[in-house]
Every structure is written in structure tokens, then in C-alpha cells.
$ cat start-v6.tsv   # TSV, C-alpha atoms and all ligand atoms
chain	number	residue	atom	x	y	z
A	1	MET	CA	39.30	169.14	86.13
A	2	ASN	CA	42.53	169.57	88.05
A	3	GLN	CA	43.76	166.08	87.43
A	4	SER	CA	47.11	166.14	85.68
A	5	PRO	CA	48.05	163.47	83.14
A	6	ASN	CA	50.57	162.09	85.64
A	7	ASN	CA	47.81	161.23	88.06
A	8	LEU	CA	46.08	159.02	85.57
A	9	ILE	CA	46.86	155.37	85.48
A	10	PHE	CA	47.34	153.95	82.03
A	11	LYS	CA	47.85	150.45	80.88
A	12	PRO	CA	51.43	149.87	79.75
A	13	PRO	CA	51.87	150.37	76.01
A	14	SER	CA	50.20	147.29	74.68
A	15	ILE	CA	50.47	147.84	70.98
A	16	ALA	CA	53.86	146.51	70.03
A	17	PRO	CA	54.98	146.96	66.47
A	18	ASN	CA	54.48	143.67	64.72
A	19	GLY	CA	58.20	143.13	64.27
A	20	VAL	CA	58.04	143.40	60.53
A	21	ALA	CA	57.77	147.11	60.03
A	22	SER	CA	58.68	148.68	63.37
A	23	ASN	CA	59.32	152.13	61.94
A	24	GLY	CA	56.47	152.02	59.49
A	25	VAL	CA	58.62	150.94	56.53
A	26	GLY	CA	56.62	148.53	54.45
A	27	GLY	CA	53.43	149.38	56.29
A	28	LEU	CA	51.41	152.48	57.04
A	29	THR	CA	51.79	153.84	60.57
A	30	ILE	CA	48.38	154.49	62.03
A	31	GLY	CA	47.93	156.27	65.33
A	32	ILE	CA	45.05	155.30	67.58
A	33	LEU	CA	44.00	157.80	70.22
A	34	ALA	CA	44.43	155.63	73.29
A	35	LEU	CA	43.04	157.80	76.07
A	36	GLN	CA	39.96	155.67	76.63
A	37	GLY	CA	37.74	153.26	74.73
A	38	ALA	CA	38.03	150.52	72.13
A	39	PHE	CA	41.54	151.15	70.78
A	40	LEU	CA	43.01	147.63	71.03
A	41	GLU	CA	40.42	146.22	68.64
A	42	HIS	CA	41.37	148.78	66.00
A	43	ALA	CA	45.03	147.86	66.47
A	44	ASN	CA	44.32	144.17	65.89
A	45	MET	CA	42.40	144.90	62.71
A	46	LEU	CA	45.14	147.20	61.41
A	47	ARG	CA	47.84	144.59	62.04
A	48	ARG	CA	45.82	142.04	60.09
A	49	LEU	CA	45.90	144.46	57.15
A	50	GLY	CA	49.68	144.95	57.42
A	51	ALA	CA	49.61	148.42	58.98
A	52	VAL	CA	51.55	149.40	62.10
A	53	PRO	CA	49.35	150.67	64.94
A	54	VAL	CA	50.75	153.20	67.40
A	55	GLU	CA	49.06	154.35	70.60
A	56	VAL	CA	48.67	158.12	70.76
A	57	ARG	CA	48.40	159.72	74.19
A	58	LEU	CA	50.64	162.76	73.89
A	59	PRO	CA	51.38	165.21	71.06
A	60	ASP	CA	54.79	163.65	70.35
A	61	ASP	CA	53.12	160.32	69.64
A	62	LEU	CA	51.76	161.85	66.42
A	63	ILE	CA	55.24	162.21	64.94
A	64	GLY	CA	55.66	159.83	62.03
A	65	VAL	CA	51.98	158.86	62.06
A	66	ASP	CA	50.25	158.72	58.65
A	67	GLY	CA	46.63	158.52	59.78
A	68	LEU	CA	44.76	158.66	63.09
A	69	ILE	CA	41.81	156.69	64.48
A	70	ILE	CA	39.69	158.08	67.30
A	71	PRO	CA	37.96	155.08	68.82
A	72	GLY	CA	34.58	154.58	70.42
A	73	GLY	CA	34.21	155.01	74.14
A	74	GLU	CA	32.78	157.95	76.05
A	75	SER	CA	33.03	161.18	74.10
A	76	THR	CA	32.95	163.37	77.21
A	77	THR	CA	35.95	161.49	78.67
A	78	ILE	CA	37.87	161.38	75.39
A	79	GLY	CA	37.26	165.11	74.85
A	80	LYS	CA	38.33	166.10	78.37
A	81	LEU	CA	41.47	163.96	78.31
A	82	ALA	CA	42.43	165.18	74.83
A	83	ASN	CA	42.18	168.75	76.16
A	84	GLN	CA	44.22	167.99	79.26
A	85	PHE	CA	46.93	166.23	77.31
A	86	GLY	CA	47.25	169.10	74.88
A	87	LEU	CA	46.20	166.97	71.92
A	88	VAL	CA	43.49	169.11	70.36
A	89	GLU	CA	45.73	171.61	68.59
A	90	PRO	CA	48.22	168.96	67.34
A	91	ILE	CA	45.34	166.91	65.91
A	92	GLN	CA	43.99	170.06	64.24
A	93	GLN	CA	47.44	170.54	62.66
A	94	PHE	CA	47.44	166.89	61.64
A	95	ILE	CA	44.10	167.40	59.85
A	96	LYS	CA	45.33	170.63	58.24
A	97	ALA	CA	48.34	168.70	56.96
A	98	ASN	CA	45.82	166.62	54.98
A	99	LYS	CA	46.38	163.48	57.05
A	100	PRO	CA	43.31	161.26	57.42
A	101	VAL	CA	41.43	160.98	60.71
A	102	TRP	CA	38.65	158.44	61.34
A	103	GLY	CA	36.28	158.68	64.27
A	104	THR	CA	34.19	155.68	65.29
A	105	CYS	CA	31.13	156.28	67.49
A	106	ALA	CA	32.43	158.54	70.30
A	107	GLY	CA	35.22	159.39	67.85
A	108	MET	CA	32.59	160.61	65.39
A	109	ILE	CA	31.20	162.91	68.11
A	110	PHE	CA	34.75	164.17	68.72
A	111	LEU	CA	35.02	165.11	65.02
A	112	ALA	CA	31.57	166.72	64.73
A	113	GLN	CA	31.12	170.45	64.28
A	114	ASN	CA	27.87	170.45	66.27
A	115	VAL	CA	26.36	168.22	68.91
A	116	GLY	CA	22.61	168.53	69.33
A	117	ALA	CA	21.03	168.76	72.74
A	118	THR	CA	18.55	165.92	72.36
A	119	GLY	CA	18.97	162.17	72.70
A	120	SER	CA	18.63	159.89	75.67
A	121	GLY	CA	21.30	160.74	78.24
A	122	GLY	CA	23.17	162.68	75.59
A	123	HIS	CA	22.53	166.20	76.82
A	124	VAL	CA	26.17	166.80	77.72
A	125	ILE	CA	28.06	168.49	74.89
A	126	PRO	CA	31.62	167.14	75.01
A	127	PRO	CA	34.77	169.11	74.09
A	128	ARG	CA	35.78	168.14	70.60
A	129	LEU	CA	37.71	168.88	67.41
A	130	GLY	CA	34.67	170.09	65.47
A	131	ASN	CA	36.22	169.76	61.99
A	132	MET	CA	33.56	167.69	60.28
A	133	GLU	CA	30.48	169.49	59.01
A	134	ILE	CA	27.95	167.25	60.69
A	135	THR	CA	25.51	167.70	63.55
A	136	VAL	CA	25.21	164.62	65.72
A	137	ASN	CA	23.04	163.64	68.66
A	138	ARG	CA	24.57	161.47	71.33
A	139	ASN	CA	22.87	158.22	72.41
A	140	ALA	CA	20.23	159.00	69.82
A	141	PHE	CA	18.82	155.51	69.40
A	142	GLY	CA	17.29	155.43	72.89
A	143	ARG	CA	18.19	153.47	75.97
A	144	GLN	CA	16.03	150.44	75.28
A	145	VAL	CA	17.72	149.75	71.99
A	146	ASP	CA	21.02	151.38	72.76
A	147	SER	CA	22.92	148.46	71.25
A	148	PHE	CA	21.94	146.71	68.05
A	149	GLU	CA	23.34	145.20	64.87
A	150	VAL	CA	22.16	145.86	61.37
A	151	ASP	CA	23.24	145.07	57.79
A	152	LEU	CA	24.26	148.13	55.82
A	153	GLU	CA	24.81	148.81	52.15
A	154	LEU	CA	28.15	150.52	51.65
A	155	SER	CA	28.53	153.00	48.82
A	156	PHE	CA	32.18	151.99	48.27
A	157	ALA	CA	31.87	148.19	48.54
A	158	THR	CA	28.62	146.95	47.13
A	159	ASP	CA	29.51	143.26	46.82
A	160	GLN	CA	28.21	142.35	50.28
A	161	LEU	CA	26.27	143.97	53.12
A	162	PHE	CA	28.25	145.16	56.14
A	163	ARG	CA	27.18	143.92	59.58
A	164	ALA	CA	27.38	147.05	61.73
A	165	VAL	CA	27.50	147.03	65.54
A	166	PHE	CA	25.94	150.08	67.22
A	167	ILE	CA	26.64	150.66	70.92
A	168	ARG	CA	24.87	153.65	72.48
A	169	ALA	CA	25.54	155.21	69.14
A	170	PRO	CA	25.26	158.81	68.02
A	171	ARG	CA	23.26	159.74	64.99
A	172	ILE	CA	24.06	162.17	62.19
A	173	GLU	CA	21.16	164.64	62.10
A	174	THR	CA	22.41	167.01	59.43
A	175	ASN	CA	25.45	167.34	57.19
A	176	SER	CA	26.81	169.96	54.81
A	177	GLN	CA	27.21	169.47	51.07
A	178	ALA	CA	30.90	168.82	51.67
A	179	VAL	CA	30.05	165.55	53.40
A	180	GLU	CA	29.61	162.35	51.40
A	181	ILE	CA	27.33	159.74	52.97
A	182	LEU	CA	28.79	156.22	52.72
A	183	ALA	CA	26.03	154.25	54.45
A	184	ARG	CA	22.50	154.79	55.75
A	185	LEU	CA	19.98	152.89	57.84
A	186	THR	CA	16.86	151.80	55.94
A	187	ASP	CA	15.01	154.90	57.24
A	188	GLY	CA	17.64	157.08	55.53
A	189	THR	CA	19.63	158.04	58.65
A	190	PRO	CA	23.28	158.51	57.65
A	191	VAL	CA	25.63	156.36	59.75
A	192	ALA	CA	28.92	156.57	57.85
A	193	ALA	CA	30.30	159.68	56.19
A	194	ARG	CA	33.38	161.24	54.72
A	195	GLN	CA	34.54	164.82	54.26
A	196	ASP	CA	37.87	165.02	52.45
A	197	ASN	CA	40.42	163.48	54.85
A	198	LEU	CA	37.85	162.88	57.61
A	199	LEU	CA	35.90	159.65	58.02
A	200	ALA	CA	33.16	158.99	60.56
A	201	THR	CA	31.16	155.91	61.47
A	202	ALA	CA	28.42	155.83	64.11
A	203	PHE	CA	29.15	152.11	64.61
A	204	HIS	CA	32.14	149.91	65.45
A	205	PRO	CA	33.77	148.15	62.44
A	206	GLU	CA	36.65	147.07	64.70
A	207	LEU	CA	34.29	144.75	66.60
A	208	THR	CA	33.56	142.63	63.54
A	209	ASP	CA	35.65	140.47	61.22
A	210	ASP	CA	34.81	142.66	58.25
A	211	ASN	CA	37.84	144.80	57.46
A	212	ARG	CA	36.35	146.86	54.63
A	213	PHE	CA	36.18	150.14	56.59
A	214	HIS	CA	39.75	149.73	57.83
A	215	ASP	CA	40.82	148.96	54.29
A	216	TYR	CA	38.93	152.03	53.03
A	217	PHE	CA	40.68	154.20	55.65
A	218	LEU	CA	44.11	152.79	54.78
A	219	ASN	CA	43.43	153.69	51.16
A	220	MET	CA	42.61	157.26	52.23
A	221	VAL	CA	45.96	157.29	54.05
A	222	LYS	CA	47.87	155.92	51.04
A	223	THR	CA	46.29	158.56	48.81
A	224	SER	CA	47.13	161.36	51.25
A	225	ILE	CA	50.77	160.26	51.44
A	226	THR	CA	51.01	160.34	47.66
A	227	SER	CA	49.41	163.77	47.35
A	228	ASN	CA	51.31	165.23	50.34
A	229	SER	CA	54.62	164.04	48.93
A	230	LYS	CA	53.78	165.73	45.63
A	231	GLN	CA	53.18	169.01	47.49
A	232	GLY	CA	56.26	168.68	49.69
A	233	GLU	CA	56.25	167.33	53.22
A	234	VAL	CA	54.05	169.23	55.69
A	235	VAL	CA	55.40	169.11	59.23
A	236	VAL	CA	52.96	168.55	62.08
A	237	GLN	CA	53.57	171.26	64.66
A	238	LYS	CA	53.65	170.38	68.34
B	1	LIG	N1	27.44	157.00	73.93
B	1	LIG	C1	28.81	157.35	73.80
B	1	LIG	C2	28.98	158.87	73.81
B	1	LIG	O1	28.06	159.57	73.67
B	1	LIG	C3	29.40	156.76	72.52
B	1	LIG	C4	29.34	155.26	72.58
B	1	LIG	C5	30.40	154.55	71.80
B	1	LIG	O2	31.42	155.12	71.42
B	1	LIG	N2	30.20	153.27	71.62
B	1	LIG	O3	30.06	159.35	73.95
$ encode --input "start-v6.tsv" --output "C-alpha cells"
Amino acid sequence: MNQSPNNLIFKPPSIAPNGVASNGVGGLTIGILALQGAFLEHANMLRRLGAVPVEVRLPDDLIGVDGLIIPGGESTTIGKLANQFGLVEPIQQFIKANKPVWGTCAGMIFLAQNVGATGSGGHVIPPRLGNMEITVNRNAFGRQVDSFEVDLELSFATDQLFRAVFIRAPRIETNSQAVEILARLTDGTPVAARQDNLLATAFHPELTDDNRFHDYFLNMVKTSITSNSKQGEVVVQK
């Protein structure tokens, strides 16, 4: 694609700091990749939990960010735009610096090491980060049931089932031993997983009122800040 970032029309920055913790003091600063997709919903959920959401479109936007969410949307578009905007390498550095990254749906595809060639309409293999040791298939639940909701048991919050919204969702086909499965469908298909500082969900927790995944991610971020500060600050390179 020859399109330069300047030719793209973006919405004006719509995530304003909540006025309480504009520089992240008193709240964790969480970047949300805001190239395309469902980023506003994540921001609303984060604000409700006292975190400060920041839209990330360019490498400099990652400065001062403690954790990053890659939202759902269209993985081919997100991947292409991330490449064009020079974000892939800075996000790799961010991950190497032990900062948590969470991909939801298309975001999970963006994190995946491998993308299988099967799945309805999912034959295109999008550009991606590839850090998480999972193989996913795009649009793997078929066109006729490409959106559905289901109650999941979460390994980290067993008090209540989690109502999960799947929209043309990918599916985790295989994972390495390094990956911990946090939730499965009743047929055993993994739909939420973690590998160290990486979190992936095939569904959209930001489209529900249940904040347990956002809370889980914020706890990953808190833990990483504590352990990074023990090891000395790691600077994210641009
Ligand atoms: N089907 C989309 C893709 O393959 C993902 C859908 C979503 O993020 N809700 O990129």
C-alpha cells in the first residue's frame, strides 16, 4: 500500500484523560492501539476501573504507557496500518521490556505466532507481531454462526461464569507449553490464554459489563511495574 499515514482520516483524539490522573499518577496508563476497531469500549471499561486510557497510533504514543491493548476489528487492516505507522518494532520492544499486551479477537490474531490457512473467509494471513506461541484460524466458527454469546468458566475467577461475546472470532488451534489456557468452550477449544506478559481472548470482554478480564489485565500490569522497577527501568526504544 502506498497510502501514507497523513492520507488517512482519523477521528480526533476521543479518549480524554479522566481529569483525575492525567499523567497516570494514581492510575495505570494503558495504551489502546487505535488504528481501527473497538478501542473506545476498552477505554470506557478501563476508566471505570480507575485506569487512564491513551490512544496509540504512533510510536511516541507508547511513551509512559504501562500496558497495551490491541482491540478487535479487522486483523488485516490493523496489521497493515501498524506496519505503515512503524509500530511493529516499538511494540516488540514494549513486549521485551516485560510490559503486558492484551489482544482481543483481531488483536489475538495480531499477537499469534502462526495463522492457519483454514476458516471461513479467513484465508488471508495478516501481518502481525507473532510473539505468542499459538496458532489461530481466522473466522473459524463459520459464517452462519459468526457471532454468538456463551458462558465461560474462567480459571482465575471461578465465582461466576463469564458471558463472552464472539464476533467473527478466531480460534486457537494449538498452543505451546508456555501458554496457559484461561478459558475453554465446552468442546475444549481454548478461547482465552496467557503467555507471560501476553494475554489473548478470542472474544470481546469490552462489550459486556463484566470487568473481570480488564481487572485481570490491570493486575498483570501492576505486577510488571513492580518487577520492572526491581530490575531497573527498561526504556522502550523508538
Ligand atoms: N474476523 C476478524 C479478523 O479475522 C476478527 C473479528 C473481531 O475482531 N471481532 O480479523
$ residues_near_ligand --input "start-v6.tsv" --ligand "ligand LIG 1 (chain B)" --cutoff "7 Å" --atoms "only C-alpha atoms and all ligand atoms" --output "list in words"
Gly72, Gly73, Glu74, Ser75, Thr76, Thr104, Cys105, Ala106, Gly107, Ile109, Gly122, Arg138, Asn139, Phe166, Ile167, Arg168, Ala169 and Pro170 of chain A
$ atom_distance --input "start-v6.tsv" --atom1 "CA of Phe148 (chain A)" --atom2 "CA of Thr174 (chain A)"
22.1 Å
$ atom_distance --input "start-v6.tsv" --atom1 "CA of His214 (chain A)" --atom2 "CA of Leu33 (chain A)"
15.4 Å
$ residues_around --input "start-v6.tsv" --residues "Phe85 (chain A)" --least-positions-apart "3" --cutoff "8 Å" --atoms "only C-alpha atoms" --output "ChimeraX atom specification"
/A:5,57-59,81-82
$ residues_around --input "start-v6.tsv" --residues "region 220-222 of chain A" --least-positions-apart "5" --cutoff "7 Å" --atoms "only C-alpha atoms" --output "list in words"
Asp66, Gly67, Lys99 and Pro100 of chain A
$ write_last_selection --input "start-v6.tsv" --atoms "C-alpha atoms" --output "PDB file, in the frame of the given file"
ATOM      1  CA  ASP A  66      50.250 158.720  58.650  1.00  0.00           C
ATOM      2  CA  GLY A  67      46.630 158.520  59.780  1.00  0.00           C
ATOM      3  CA  LYS A  99      46.380 163.480  57.050  1.00  0.00           C
ATOM      4  CA  PRO A 100      43.310 161.260  57.420  1.00  0.00           C
TER       5      PRO A 100
END
$ residues_around --input "start-v6.tsv" --residues "Ala193 (chain A)" --least-positions-apart "6" --cutoff "12 Å" --atoms "all atoms listed in the file" --output "PyMOL selection string"
chain A and resi 102-105+108+111-112+132-136+154-156+171-184+199-203+213+216-217
$ closest_residue --input "start-v6.tsv" --among "A:Leu185, A:Leu152, A:Ile78, A:Ile69" --to "Leu198 (chain A)" --atoms "all atoms listed in the file"
A:Ile69
$ atom_distance --input "start-v6.tsv" --atom1 "CA of Ala38 (chain A)" --atom2 "CA of Val101 (chain A)"
15.9 Å
$ closest_residue --input "start-v6.tsv" --among "A:Gln160, A:Asn197, A:Ser147, A:Asn83" --to "Leu129 (chain A)" --atoms "all atoms listed in the file"
A:Asn83
$ residues_around --input "start-v6.tsv" --residues "Val150 (chain A)" --least-positions-apart "5" --cutoff "7 Å" --atoms "only C-alpha atoms" --output "JSON, numbers by chain"
{"A": [163, 164, 165]}
$ closest_residue --input "start-v6.tsv" --among "A:Ala157, A:Val56, A:Ala97, A:Leu87" --to "Arg128 (chain A)" --atoms "all atoms listed in the file"
A:Leu87
$ closest_residue --input "start-v6.tsv" --among "A:Gln195, A:Thr226, A:Gly142, A:Leu40" --to "Gln113 (chain A)" --atoms "all atoms listed in the file"
A:Gln195
$ closest_residue --input "start-v6.tsv" --among "A:Val52, A:Ile95, A:Ile225, A:Ile30" --to "Asp196 (chain A)" --atoms "only C-alpha atoms"
A:Ile95
$ closest_residue --input "start-v6.tsv" --among "A:Thr29, A:Thr158, A:Asn228, A:Asn211" --to "Leu68 (chain A)" --atoms "only C-alpha atoms"
A:Thr29
